[in-house]
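J.: Pasting a structure here, questions to come.
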Amino acid sequence: MARAAVLGRLTWRLGKVAEIVQETPAVASLLLDVPGWPGHLAGQHVDVRLTAEDGYQAQRSYSIASAPEDGRVALTVERLADGEVSPYLVGEVRVGDEIELRGPIGGFFVWKAGDPRPLLLIAGGSGIAPLMSMLRHRKAAPAASPARLLYSSRTIEDVIYRPELERLGAGDEAIQVWQTLTREQPPGWTGYARRVDSAMLNEIAWPKERVPAVYVCGPTGFVEEAAELLVDSGYDPAWIKTERFGATGG
Amino acid sequence: MPFVSRGFRGKRRDPASAVRVPPGQHVVTDFPVLSAGPTPHTSTDDWSFSIVGEIDEPRRWSWKEFTELASETFSTDIHCVTKWSKLDTSWRGVSMDTLLDGVDTAAEFTTVFADGGYTTNLPLEELTGHKAWIVFEYGGLPLHPEHGGPARLLAPHLYLWKSAKWVRGIALQNDEQPGFWESNGYHMLGDPWREQRYWGD
């Protein structure tokens, strides 16, 4: 392929909403059929552009939650009460609607199943989306390195991908899922019930001798705290890739 | 017929702020934090700022020397490639014109380098002409590490990834070398008014 083609402009494409999964009261996944989609890496994102009848436009970035091998491009969107784009994507959009998007974007916060290092994923709230792409990618590659996910939510109702995470964590010893609910726990809850702290990471994170690949995504305070705890525990900062989710508003 | 998103109206901003916001951006009132890895915490005792590369006599300032240079307090709008813009942010820092004053170089390009290994590339002419500063205060207070403290570059006429946090120096170069994000899909220049977000924009 010519270099010019590789570096070519990311063109706007139309994706058709094939399915909508209401993940939580405020979060939905839009599963899009995107003709001509060039494929993506786990962890990349897209830009979405909405256009009103009078030509007014608004753009936002959303992580891709589907694995590279999935047929459809999944965007998981949290509806923000004072937002502009998210209340449209979660609430107004129906199956059959078209959405303009371009991507995939970003070559750093990505994970490939061929990476020989053990994988550690740490998610806060809707920051799970790009990490879910990685975990789905991992699930589709049985011979890949073992993966661990620590996922922090406020309440059980806020847990995105809940049934799928329960399935992923069961029956595959190479994929381990831990959850913590920081605000409220249902009766019989057996997971953690506090914010991520060093004791929790000591139990879950790979020993530093394993030289893991680490991806942290969530709100800023969550990411800062988790990354700092890992560095304090002896992790090399260069092992840790961070992304902030929900920080850009709307 | 141009594409219309069925049922989308949008939240229109007032015309006065609209002219200050580049295409595809929206105004936020908070100050989002973005970085690719853990936040470095460099003590000002260990901090210095250097100009190296294609320069006869490299320059270097300790924190004390740096903060004794003539500084400016100014207000500007900033634009992040992740689509947010923040208006009327106030900073204090040393103009790059001051730091580069009297430097004799044939270099046309620079690589800005920072703690944590971050780099970004800018043509030298994007750093001069009162367009760029090394800032160490935000809103009248020392710059918080999350936002790049103790000091960061601020080149507000370009997308904010060019304004390297935790900045430690500038290498003057004859050739343009893509920096961290510029190697990962992002535009070599990053002019928000021309919406130069990604390769090929």
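Chain lettering (A, B, ...) mirrors the order of the structure tokens, residue numbering begins at 1 for each chain separately, and ligand numbering begins at 1 in order of display.
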Using only C-alpha atoms, select each residue of chain A with any atom at most 8 Å away from an atom of chain B, and give the selection as a PyMOL selection string.
T.: chain A and resi 7-10+50-53+55-61+84-85+88+92+97-99+105-109+220+224+227-228+231+237-238+240-244+247-249
J.: What's the 10 Å shell around Thr111 (chain B), counting only C-alpha atoms, without same-chain residues fewer than 3 positions away, as a PyMOL selection string?
T.: chain B and resi 52-53+114+119-124+169-173+175-179
J.: Go ahead and write the selection's residues with N, CA and C atoms as a PDB file, in the first residue's frame.
T.:
ATOM      1  N   VAL B  52      18.946  23.026  23.474  1.00  0.00           N
ATOM      2  CA  VAL B  52      20.062  22.209  22.985  1.00  0.00           C
ATOM      3  C   VAL B  52      19.905  21.990  21.481  1.00  0.00           C
ATOM      4  N   GLY B  53      20.780  21.187  20.908  1.00  0.00           N
ATOM      5  CA  GLY B  53      20.693  20.854  19.487  1.00  0.00           C
ATOM      6  C   GLY B  53      21.540  21.783  18.646  1.00  0.00           C
ATOM      7  N   ALA B 114      10.064  16.565  27.586  1.00  0.00           N
ATOM      8  CA  ALA B 114       9.445  16.728  28.903  1.00  0.00           C
ATOM      9  C   ALA B 114       9.720  15.519  29.778  1.00  0.00           C
ATOM     10  N   THR B 119       7.356  13.973  23.988  1.00  0.00           N
ATOM     11  CA  THR B 119       7.947  14.925  23.047  1.00  0.00           C
ATOM     12  C   THR B 119       6.863  15.439  22.114  1.00  0.00           C
ATOM     13  N   THR B 120       7.094  16.623  21.564  1.00  0.00           N
ATOM     14  CA  THR B 120       6.230  17.133  20.506  1.00  0.00           C
ATOM     15  C   THR B 120       7.071  18.034  19.617  1.00  0.00           C
ATOM     16  N   ASN B 121       6.705  18.074  18.327  1.00  0.00           N
ATOM     17  CA  ASN B 121       7.508  18.856  17.390  1.00  0.00           C
ATOM     18  C   ASN B 121       6.781  20.127  16.960  1.00  0.00           C
ATOM     19  N   LEU B 122       7.520  21.222  16.861  1.00  0.00           N
ATOM     20  CA  LEU B 122       6.984  22.479  16.354  1.00  0.00           C
ATOM     21  C   LEU B 122       8.027  23.143  15.464  1.00  0.00           C
ATOM     22  N   PRO B 123       7.601  23.733  14.338  1.00  0.00           N
ATOM     23  CA  PRO B 123       8.534  24.595  13.613  1.00  0.00           C
ATOM     24  C   PRO B 123       8.982  25.721  14.540  1.00  0.00           C
ATOM     25  N   LEU B 124      10.250  26.114  14.434  1.00  0.00           N
ATOM     26  CA  LEU B 124      10.773  27.151  15.331  1.00  0.00           C
ATOM     27  C   LEU B 124       9.928  28.416  15.260  1.00  0.00           C
ATOM     28  N   GLY B 169      12.797  21.196  28.108  1.00  0.00           N
ATOM     29  CA  GLY B 169      13.685  21.852  27.171  1.00  0.00           C
ATOM     30  C   GLY B 169      13.251  21.721  25.733  1.00  0.00           C
ATOM     31  N   ILE B 170      14.070  22.324  24.884  1.00  0.00           N
ATOM     32  CA  ILE B 170      13.793  22.352  23.454  1.00  0.00           C
ATOM     33  C   ILE B 170      15.064  22.007  22.710  1.00  0.00           C
ATOM     34  N   ALA B 171      14.952  21.089  21.748  1.00  0.00           N
ATOM     35  CA  ALA B 171      16.077  20.767  20.878  1.00  0.00           C
ATOM     36  C   ALA B 171      15.834  21.426  19.523  1.00  0.00           C
ATOM     37  N   LEU B 172      16.806  22.243  19.098  1.00  0.00           N
ATOM     38  CA  LEU B 172      16.717  22.899  17.787  1.00  0.00           C
ATOM     39  C   LEU B 172      17.230  21.931  16.733  1.00  0.00           C
ATOM     40  N   GLN B 173      16.468  21.769  15.639  1.00  0.00           N
ATOM     41  CA  GLN B 173      16.794  20.737  14.652  1.00  0.00           C
ATOM     42  C   GLN B 173      16.650  21.258  13.221  1.00  0.00           C
ATOM     43  N   ASP B 175      15.823  19.178  10.776  1.00  0.00           N
ATOM     44  CA  ASP B 175      14.766  18.392  10.144  1.00  0.00           C
ATOM     45  C   ASP B 175      13.586  18.262  11.099  1.00  0.00           C
ATOM     46  N   GLU B 176      12.416  18.059  10.542  1.00  0.00           N
ATOM     47  CA  GLU B 176      11.218  17.900  11.351  1.00  0.00           C
ATOM     48  C   GLU B 176      11.082  16.436  11.770  1.00  0.00           C
ATOM     49  N   GLN B 177      11.096  16.198  13.073  1.00  0.00           N
ATOM     50  CA  GLN B 177      10.972  14.836  13.615  1.00  0.00           C
ATOM     51  C   GLN B 177       9.636  14.729  14.346  1.00  0.00           C
ATOM     52  N   PRO B 178       8.766  13.794  13.926  1.00  0.00           N
ATOM     53  CA  PRO B 178       7.485  13.692  14.622  1.00  0.00           C
ATOM     54  C   PRO B 178       7.660  13.348  16.098  1.00  0.00           C
ATOM     55  N   GLY B 179       6.896  14.005  16.951  1.00  0.00           N
ATOM     56  CA  GLY B 179       6.935  13.743  18.383  1.00  0.00           C
ATOM     57  C   GLY B 179       6.009  12.594  18.754  1.00  0.00           C
TER      58      GLY B 179
END
J.: If DSSP is run on the backbone, what residues of region 5-136 of chain B are alpha helix (DSSP H)? A reply as a list in words would be ideal.
T.: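 The alpha helix (DSSP H) subset of region 5-136 of chain B is Pro15, Ala16, Ser17, Ala18, Trp63, Lys64, Glu65, Phe66, Thr67, Met96, Asp97, Thr98 and Leu99 of chain B.
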J.: Could the residues in this selection be saved with all heavy atoms as a short mmCIF file (atom, residue, chain, number, x, y, z; two decimals), in the first residue's frame?
T.:
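Listing of again.cif after writing:
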data_model
loop_
_atom_site.label_atom_id
_atom_site.label_comp_id
_atom_site.auth_asym_id
_atom_site.auth_seq_id
_atom_site.Cartn_x
_atom_site.Cartn_y
_atom_site.Cartn_z
N PRO B 15 -23.37 33.98 19.97
CA PRO B 15 -22.51 34.31 18.83
C PRO B 15 -21.16 34.88 19.25
O PRO B 15 -20.15 34.68 18.58
CB PRO B 15 -23.33 35.36 18.06
CG PRO B 15 -24.74 35.15 18.50
CD PRO B 15 -24.68 34.65 19.92
N ALA B 16 -21.13 35.59 20.39
CA ALA B 16 -19.87 36.22 20.82
C ALA B 16 -18.80 35.16 21.09
O ALA B 16 -17.65 35.30 20.67
CB ALA B 16 -20.11 37.06 22.07
N SER B 17 -19.16 34.08 21.79
CA SER B 17 -18.16 33.05 22.07
C SER B 17 -17.96 32.15 20.85
O SER B 17 -16.90 31.58 20.66
CB SER B 17 -18.54 32.24 23.30
OG SER B 17 -19.62 31.38 23.03
N ALA B 18 -18.98 32.05 19.99
CA ALA B 18 -18.87 31.17 18.82
C ALA B 18 -17.71 31.58 17.92
O ALA B 18 -17.01 30.72 17.39
CB ALA B 18 -20.18 31.18 18.04
N TRP B 63 15.63 26.24 38.20
CA TRP B 63 14.32 26.80 38.55
C TRP B 63 14.46 28.23 39.05
O TRP B 63 13.70 29.12 38.65
CB TRP B 63 13.63 25.93 39.59
CG TRP B 63 12.30 26.46 40.01
CD1 TRP B 63 11.99 27.16 41.13
CD2 TRP B 63 11.08 26.36 39.25
NE1 TRP B 63 10.66 27.50 41.14
CE2 TRP B 63 10.08 27.02 40.00
CE3 TRP B 63 10.75 25.78 38.01
CZ2 TRP B 63 8.76 27.11 39.55
CZ3 TRP B 63 9.43 25.86 37.58
CH2 TRP B 63 8.46 26.52 38.34
N LYS B 64 15.46 28.46 39.92
CA LYS B 64 15.65 29.80 40.49
C LYS B 64 15.99 30.79 39.38
O LYS B 64 15.41 31.88 39.31
CB LYS B 64 16.77 29.75 41.54
CG LYS B 64 17.02 31.07 42.25
CD LYS B 64 17.93 30.88 43.46
CE LYS B 64 18.15 32.17 44.24
NZ LYS B 64 18.84 33.20 43.47
N GLU B 65 16.93 30.40 38.52
CA GLU B 65 17.30 31.30 37.42
C GLU B 65 16.12 31.57 36.50
O GLU B 65 15.89 32.69 36.04
CB GLU B 65 18.45 30.68 36.61
CG GLU B 65 19.77 30.63 37.37
CD GLU B 65 20.78 29.68 36.73
OE1 GLU B 65 20.39 28.77 35.96
OE2 GLU B 65 21.98 29.85 37.02
N PHE B 66 15.34 30.52 36.27
CA PHE B 66 14.23 30.64 35.33
C PHE B 66 13.17 31.61 35.85
O PHE B 66 12.67 32.47 35.13
CB PHE B 66 13.61 29.26 35.08
CG PHE B 66 12.63 29.25 33.96
CD1 PHE B 66 13.06 29.12 32.65
CD2 PHE B 66 11.26 29.38 34.20
CE1 PHE B 66 12.16 29.14 31.60
CE2 PHE B 66 10.37 29.40 33.15
CZ PHE B 66 10.81 29.27 31.86
N THR B 67 12.84 31.47 37.14
CA THR B 67 11.77 32.30 37.69
C THR B 67 12.23 33.73 37.96
O THR B 67 11.42 34.58 38.30
CB THR B 67 11.20 31.68 38.99
OG1 THR B 67 12.30 31.39 39.88
CG2 THR B 67 10.46 30.39 38.69
N MET B 96 8.90 32.58 25.02
CA MET B 96 9.96 31.87 24.30
C MET B 96 10.88 32.86 23.59
O MET B 96 12.06 32.56 23.36
CB MET B 96 9.36 30.90 23.28
CG MET B 96 8.82 29.60 23.84
SD MET B 96 10.03 28.63 24.81
CE MET B 96 11.34 28.44 23.62
N ASP B 97 10.36 34.05 23.25
CA ASP B 97 11.23 35.07 22.64
C ASP B 97 12.36 35.45 23.60
O ASP B 97 13.49 35.67 23.18
CB ASP B 97 10.41 36.31 22.28
CG ASP B 97 9.41 36.02 21.17
OD1 ASP B 97 9.82 35.53 20.11
OD2 ASP B 97 8.21 36.26 21.41
N THR B 98 12.03 35.54 24.89
CA THR B 98 13.05 35.86 25.89
C THR B 98 14.09 34.75 25.97
O THR B 98 15.30 35.01 26.01
CB THR B 98 12.37 36.03 27.27
OG1 THR B 98 11.39 37.07 27.16
CG2 THR B 98 13.39 36.39 28.34
N LEU B 99 13.63 33.51 25.95
CA LEU B 99 14.55 32.37 26.10
C LEU B 99 15.43 32.20 24.86
O LEU B 99 16.56 31.74 24.96
CB LEU B 99 13.76 31.09 26.37
CG LEU B 99 12.93 31.13 27.66
CD1 LEU B 99 11.98 29.95 27.72
CD2 LEU B 99 13.84 31.14 28.89
#
J.: Need to verify the contact set: region 11-23 of chain A, 6 Å, only C-alpha atoms, exclusion of same-chain residues closer than 2 positions in sequence. Can you return it as a PDB file with all heavy atoms, in the first residue's frame?
T.:
ATOM      1  N   ARG A   9      -6.293  11.151   4.583  1.00  0.00           N
ATOM      2  CA  ARG A   9      -7.207  11.812   5.500  1.00  0.00           C
ATOM      3  C   ARG A   9      -8.235  10.812   6.023  1.00  0.00           C
ATOM      4  O   ARG A   9      -8.711   9.951   5.290  1.00  0.00           O
ATOM      5  CB  ARG A   9      -7.918  12.939   4.758  1.00  0.00           C
ATOM      6  CG  ARG A   9      -8.695  13.854   5.660  1.00  0.00           C
ATOM      7  CD  ARG A   9      -9.241  15.051   4.872  1.00  0.00           C
ATOM      8  NE  ARG A   9      -9.496  16.174   5.757  1.00  0.00           N
ATOM      9  CZ  ARG A   9     -10.597  16.291   6.491  1.00  0.00           C
ATOM     10  NH1 ARG A   9     -11.521  15.378   6.463  1.00  0.00           N
ATOM     11  NH2 ARG A   9     -10.751  17.344   7.280  1.00  0.00           N
ATOM     12  N   VAL A  27     -26.406   4.698  30.273  1.00  0.00           N
ATOM     13  CA  VAL A  27     -25.380   4.303  29.304  1.00  0.00           C
ATOM     14  C   VAL A  27     -25.966   3.338  28.270  1.00  0.00           C
ATOM     15  O   VAL A  27     -26.651   2.379  28.636  1.00  0.00           O
ATOM     16  CB  VAL A  27     -24.186   3.618  30.012  1.00  0.00           C
ATOM     17  CG1 VAL A  27     -23.170   3.106  28.994  1.00  0.00           C
ATOM     18  CG2 VAL A  27     -23.528   4.582  30.990  1.00  0.00           C
ATOM     19  N   ALA A  28     -25.685   3.613  27.010  1.00  0.00           N
ATOM     20  CA  ALA A  28     -26.118   2.713  25.944  1.00  0.00           C
ATOM     21  C   ALA A  28     -24.955   2.438  25.010  1.00  0.00           C
ATOM     22  O   ALA A  28     -24.079   3.273  24.823  1.00  0.00           O
ATOM     23  CB  ALA A  28     -27.285   3.309  25.163  1.00  0.00           C
ATOM     24  N   SER A  29     -24.967   1.245  24.425  1.00  0.00           N
ATOM     25  CA  SER A  29     -24.022   0.905  23.364  1.00  0.00           C
ATOM     26  C   SER A  29     -24.766   0.938  22.038  1.00  0.00           C
ATOM     27  O   SER A  29     -25.826   0.326  21.905  1.00  0.00           O
ATOM     28  CB  SER A  29     -23.412  -0.478  23.586  1.00  0.00           C
ATOM     29  OG  SER A  29     -22.601  -0.484  24.750  1.00  0.00           O
ATOM     30  N   LEU A  30     -24.186   1.670  21.083  1.00  0.00           N
ATOM     31  CA  LEU A  30     -24.725   1.709  19.730  1.00  0.00           C
ATOM     32  C   LEU A  30     -23.880   0.774  18.883  1.00  0.00           C
ATOM     33  O   LEU A  30     -22.662   0.958  18.791  1.00  0.00           O
ATOM     34  CB  LEU A  30     -24.670   3.122  19.163  1.00  0.00           C
ATOM     35  CG  LEU A  30     -25.295   4.238  20.002  1.00  0.00           C
ATOM     36  CD1 LEU A  30     -25.150   5.571  19.281  1.00  0.00           C
ATOM     37  CD2 LEU A  30     -26.755   3.944  20.286  1.00  0.00           C
ATOM     38  N   LEU A  31     -24.503  -0.231  18.292  1.00  0.00           N
ATOM     39  CA  LEU A  31     -23.785  -1.160  17.408  1.00  0.00           C
ATOM     40  C   LEU A  31     -24.032  -0.730  15.973  1.00  0.00           C
ATOM     41  O   LEU A  31     -25.173  -0.711  15.511  1.00  0.00           O
ATOM     42  CB  LEU A  31     -24.250  -2.599  17.648  1.00  0.00           C
ATOM     43  CG  LEU A  31     -23.594  -3.318  18.840  1.00  0.00           C
ATOM     44  CD1 LEU A  31     -23.825  -2.594  20.148  1.00  0.00           C
ATOM     45  CD2 LEU A  31     -24.085  -4.748  18.933  1.00  0.00           C
ATOM     46  N   LEU A  32     -22.939  -0.346  15.302  1.00  0.00           N
ATOM     47  CA  LEU A  32     -23.052   0.295  13.995  1.00  0.00           C
ATOM     48  C   LEU A  32     -22.530  -0.613  12.893  1.00  0.00           C
ATOM     49  O   LEU A  32     -21.480  -1.246  13.034  1.00  0.00           O
ATOM     50  CB  LEU A  32     -22.235   1.595  13.983  1.00  0.00           C
ATOM     51  CG  LEU A  32     -22.532   2.610  15.093  1.00  0.00           C
ATOM     52  CD1 LEU A  32     -21.509   3.742  15.046  1.00  0.00           C
ATOM     53  CD2 LEU A  32     -23.934   3.159  14.934  1.00  0.00           C
ATOM     54  N   ASP A  33     -23.272  -0.652  11.791  1.00  0.00           N
ATOM     55  CA  ASP A  33     -22.744  -1.205  10.546  1.00  0.00           C
ATOM     56  C   ASP A  33     -22.128  -0.043   9.780  1.00  0.00           C
ATOM     57  O   ASP A  33     -22.831   0.917   9.453  1.00  0.00           O
ATOM     58  CB  ASP A  33     -23.869  -1.846   9.724  1.00  0.00           C
ATOM     59  CG  ASP A  33     -24.304  -3.186  10.306  1.00  0.00           C
ATOM     60  OD1 ASP A  33     -23.426  -3.930  10.784  1.00  0.00           O
ATOM     61  OD2 ASP A  33     -25.516  -3.475  10.288  1.00  0.00           O
ATOM     62  N   VAL A  34     -20.828  -0.123   9.539  1.00  0.00           N
ATOM     63  CA  VAL A  34     -20.131   0.987   8.887  1.00  0.00           C
ATOM     64  C   VAL A  34     -19.520   0.482   7.575  1.00  0.00           C
ATOM     65  O   VAL A  34     -18.447  -0.124   7.579  1.00  0.00           O
ATOM     66  CB  VAL A  34     -19.017   1.563   9.786  1.00  0.00           C
ATOM     67  CG1 VAL A  34     -18.447   2.852   9.162  1.00  0.00           C
ATOM     68  CG2 VAL A  34     -19.531   1.835  11.191  1.00  0.00           C
ATOM     69  N   VAL A  95     -32.781   2.513  16.252  1.00  0.00           N
ATOM     70  CA  VAL A  95     -32.266   1.545  15.280  1.00  0.00           C
ATOM     71  C   VAL A  95     -32.677   1.993  13.880  1.00  0.00           C
ATOM     72  O   VAL A  95     -33.814   2.409  13.662  1.00  0.00           O
ATOM     73  CB  VAL A  95     -32.813   0.129  15.584  1.00  0.00           C
ATOM     74  CG1 VAL A  95     -32.530  -0.824  14.432  1.00  0.00           C
ATOM     75  CG2 VAL A  95     -32.186  -0.402  16.876  1.00  0.00           C
ATOM     76  N   GLY A  96     -31.723   1.970  12.966  1.00  0.00           N
ATOM     77  CA  GLY A  96     -31.987   2.391  11.590  1.00  0.00           C
ATOM     78  C   GLY A  96     -31.477   3.795  11.295  1.00  0.00           C
ATOM     79  O   GLY A  96     -31.297   4.154  10.134  1.00  0.00           O
ATOM     80  N   ASP A  97     -31.261   4.601  12.341  1.00  0.00           N
ATOM     81  CA  ASP A  97     -30.680   5.939  12.132  1.00  0.00           C
ATOM     82  C   ASP A  97     -29.243   5.810  11.650  1.00  0.00           C
ATOM     83  O   ASP A  97     -28.568   4.809  11.902  1.00  0.00           O
ATOM     84  CB  ASP A  97     -30.683   6.744  13.444  1.00  0.00           C
ATOM     85  CG  ASP A  97     -32.059   7.307  13.763  1.00  0.00           C
ATOM     86  OD1 ASP A  97     -32.905   7.364  12.850  1.00  0.00           O
ATOM     87  OD2 ASP A  97     -32.273   7.678  14.930  1.00  0.00           O
ATOM     88  N   GLU A  98     -28.784   6.865  10.988  1.00  0.00           N
ATOM     89  CA  GLU A  98     -27.389   6.897  10.558  1.00  0.00           C
ATOM     90  C   GLU A  98     -26.608   7.907  11.389  1.00  0.00           C
ATOM     91  O   GLU A  98     -27.144   8.948  11.795  1.00  0.00           O
ATOM     92  CB  GLU A  98     -27.293   7.250   9.075  1.00  0.00           C
ATOM     93  CG  GLU A  98     -27.764   6.103   8.179  1.00  0.00           C
ATOM     94  CD  GLU A  98     -27.576   6.412   6.708  1.00  0.00           C
ATOM     95  OE1 GLU A  98     -28.092   7.462   6.263  1.00  0.00           O
ATOM     96  OE2 GLU A  98     -26.917   5.622   6.028  1.00  0.00           O
ATOM     97  N   ILE A  99     -25.339   7.582  11.621  1.00  0.00           N
ATOM     98  CA  ILE A  99     -24.463   8.452  12.415  1.00  0.00           C
ATOM     99  C   ILE A  99     -23.167   8.647  11.647  1.00  0.00           C
ATOM    100  O   ILE A  99     -22.590   7.687  11.120  1.00  0.00           O
ATOM    101  CB  ILE A  99     -24.191   7.833  13.801  1.00  0.00           C
ATOM    102  CG1 ILE A  99     -25.471   7.888  14.644  1.00  0.00           C
ATOM    103  CG2 ILE A  99     -23.063   8.560  14.519  1.00  0.00           C
ATOM    104  CD1 ILE A  99     -25.371   7.158  15.945  1.00  0.00           C
ATOM    105  N   GLU A 100     -22.731   9.905  11.579  1.00  0.00           N
ATOM    106  CA  GLU A 100     -21.515  10.218  10.851  1.00  0.00           C
ATOM    107  C   GLU A 100     -20.312  10.084  11.796  1.00  0.00           C
ATOM    108  O   GLU A 100     -20.332  10.614  12.907  1.00  0.00           O
ATOM    109  CB  GLU A 100     -21.608  11.644  10.315  1.00  0.00           C
ATOM    110  CG  GLU A 100     -20.857  11.866   9.036  1.00  0.00           C
ATOM    111  CD  GLU A 100     -21.122  13.233   8.425  1.00  0.00           C
ATOM    112  OE1 GLU A 100     -21.723  14.122   9.078  1.00  0.00           O
ATOM    113  OE2 GLU A 100     -20.699  13.418   7.285  1.00  0.00           O
ATOM    114  N   LEU A 101     -19.294   9.362  11.320  1.00  0.00           N
ATOM    115  CA  LEU A 101     -18.127   9.176  12.180  1.00  0.00           C
ATOM    116  C   LEU A 101     -16.864   9.055  11.330  1.00  0.00           C
ATOM    117  O   LEU A 101     -16.934   8.766  10.136  1.00  0.00           O
ATOM    118  CB  LEU A 101     -18.285   7.946  13.081  1.00  0.00           C
ATOM    119  CG  LEU A 101     -18.165   6.562  12.449  1.00  0.00           C
ATOM    120  CD1 LEU A 101     -17.923   5.511  13.531  1.00  0.00           C
ATOM    121  CD2 LEU A 101     -19.406   6.182  11.665  1.00  0.00           C
ATOM    122  N   ARG A 102     -15.706   9.318  11.949  1.00  0.00           N
ATOM    123  CA  ARG A 102     -14.444   9.025  11.269  1.00  0.00           C
ATOM    124  C   ARG A 102     -13.451   8.433  12.264  1.00  0.00           C
ATOM    125  O   ARG A 102     -13.443   8.757  13.444  1.00  0.00           O
ATOM    126  CB  ARG A 102     -13.871  10.237  10.541  1.00  0.00           C
ATOM    127  CG  ARG A 102     -13.424  11.392  11.401  1.00  0.00           C
ATOM    128  CD  ARG A 102     -12.702  12.408  10.499  1.00  0.00           C
ATOM    129  NE  ARG A 102     -12.156  13.522  11.255  1.00  0.00           N
ATOM    130  CZ  ARG A 102     -11.097  14.236  10.848  1.00  0.00           C
ATOM    131  NH1 ARG A 102     -10.478  13.942   9.720  1.00  0.00           N
ATOM    132  NH2 ARG A 102     -10.658  15.238  11.571  1.00  0.00           N
ATOM    133  N   ILE A 160     -21.534  -1.345  33.658  1.00  0.00           N
ATOM    134  CA  ILE A 160     -21.718  -1.509  32.213  1.00  0.00           C
ATOM    135  C   ILE A 160     -21.240  -2.911  31.817  1.00  0.00           C
ATOM    136  O   ILE A 160     -20.287  -3.426  32.409  1.00  0.00           O
ATOM    137  CB  ILE A 160     -20.929  -0.412  31.472  1.00  0.00           C
ATOM    138  CG1 ILE A 160     -21.350   0.971  31.983  1.00  0.00           C
ATOM    139  CG2 ILE A 160     -21.107  -0.507  29.969  1.00  0.00           C
ATOM    140  CD1 ILE A 160     -20.444   2.106  31.512  1.00  0.00           C
TER     141      ILE A 160
END
J.: Go through A:Val223, A:Val46, A:Ile204, A:Ala67 one by one, measure the shortest atom-to-atom distance of each to Gln176 (chain A) using only C-alpha atoms, and give the residue with the smallest value.
T.: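 So, comparing all the options, the nearest one is A:Ile204.
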J.: CA of Tyr151 (chain A) and CA of Arg94 (chain A) are how many Å apart?
T.: 29.0 Å
J.: Taking into account only C-alpha atoms, which residue in the set A:Val93, A:Ala129, A:Val110, A:Leu119 is nearest to Cys217 (chain A)?
T.: A:Ala129
J.: Quick one: residues within 8 Å of region 142-145 of chain B, only C-alpha atoms, excluding same-chain residues fewer than 3 positions away - as a VMD selection string?
T.: chain B and resid 39 to 41 135 to 138 148 to 151 166
J.: Please run DSSP on the backbone and report, as a CSV table (one decimal) with C-alpha atoms, in the first residue's frame, all residues within region 29-193 of chain B that come out as strand (DSSP E).
T.:
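Saved to out05.csv:
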chain,number,residue,atom,x,y,z
B,48,SER,CA,15.9,22.9,34.8
B,49,PHE,CA,15.1,24.2,31.3
B,50,SER,CA,17.5,23.7,28.4
B,51,ILE,CA,17.9,24.8,24.8
B,52,VAL,CA,20.1,22.2,23.0
B,53,GLY,CA,20.7,20.9,19.5
B,59,ARG,CA,21.5,27.3,27.3
B,60,ARG,CA,20.3,26.0,30.7
B,61,TRP,CA,18.4,27.6,33.5
B,62,SER,CA,17.8,26.2,37.0
B,72,GLU,CA,4.4,38.0,31.7
B,73,THR,CA,0.9,37.5,33.0
B,74,PHE,CA,-1.6,37.0,30.2
B,75,SER,CA,-5.0,35.5,29.4
B,76,THR,CA,-5.8,33.3,26.4
B,77,ASP,CA,-8.2,30.7,25.0
B,78,ILE,CA,-7.0,27.1,24.7
B,79,HIS,CA,-8.1,24.3,22.4
B,84,TRP,CA,-13.0,21.0,24.2
B,85,SER,CA,-12.0,24.7,24.3
B,86,LYS,CA,-11.6,26.8,27.4
B,87,LEU,CA,-11.9,30.6,27.2
B,88,ASP,CA,-10.0,33.3,29.1
B,89,THR,CA,-7.5,31.1,30.9
B,90,SER,CA,-4.8,33.1,32.8
B,91,TRP,CA,-1.2,32.2,33.0
B,92,ARG,CA,2.2,33.5,34.0
B,93,GLY,CA,5.4,32.5,32.3
B,94,VAL,CA,8.5,33.4,30.3
B,95,SER,CA,8.1,34.2,26.6
B,109,PHE,CA,12.4,22.9,13.6
B,110,THR,CA,12.2,21.9,17.2
B,111,THR,CA,11.4,19.0,19.4
B,112,VAL,CA,10.1,20.0,22.8
B,113,PHE,CA,10.9,17.4,25.5
B,114,ALA,CA,9.4,16.7,28.9
B,119,THR,CA,7.9,14.9,23.0
B,120,THR,CA,6.2,17.1,20.5
B,121,ASN,CA,7.5,18.9,17.4
B,122,LEU,CA,7.0,22.5,16.4
B,123,PRO,CA,8.5,24.6,13.6
B,133,TRP,CA,5.6,30.7,26.7
B,134,ILE,CA,7.0,28.4,29.4
B,135,VAL,CA,4.3,28.9,32.0
B,136,PHE,CA,4.5,28.1,35.7
B,137,GLU,CA,1.4,29.7,37.1
B,138,TYR,CA,-2.3,29.1,36.3
B,141,LEU,CA,-1.3,29.8,41.6
B,142,PRO,CA,1.7,27.5,41.0
B,152,ARG,CA,4.7,23.5,30.7
B,153,LEU,CA,5.0,25.0,27.3
B,154,LEU,CA,1.9,27.0,26.3
B,167,VAL,CA,8.6,20.6,29.9
B,168,ARG,CA,12.3,20.4,30.4
B,169,GLY,CA,13.7,21.9,27.2
B,170,ILE,CA,13.8,22.4,23.5
B,171,ALA,CA,16.1,20.8,20.9
B,172,LEU,CA,16.7,22.9,17.8
B,173,GLN,CA,16.8,20.7,14.7
J.: If you measure from CA of Arg195 (chain A) to CA of Thr182 (chain A), what distance in Å do you get, rounded to one decimal?
T.: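 Here the two named atoms are 5.5 Å from each other.
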J.: Quick one: residues within 10 Å of Trp111 (chain A), only C-alpha atoms counted, chain neighbours fewer than 6 positions away excluded, as a PyMOL selection string?
T.: chain A and resi 41-44+119+130-131+133-135+137-138+213-215
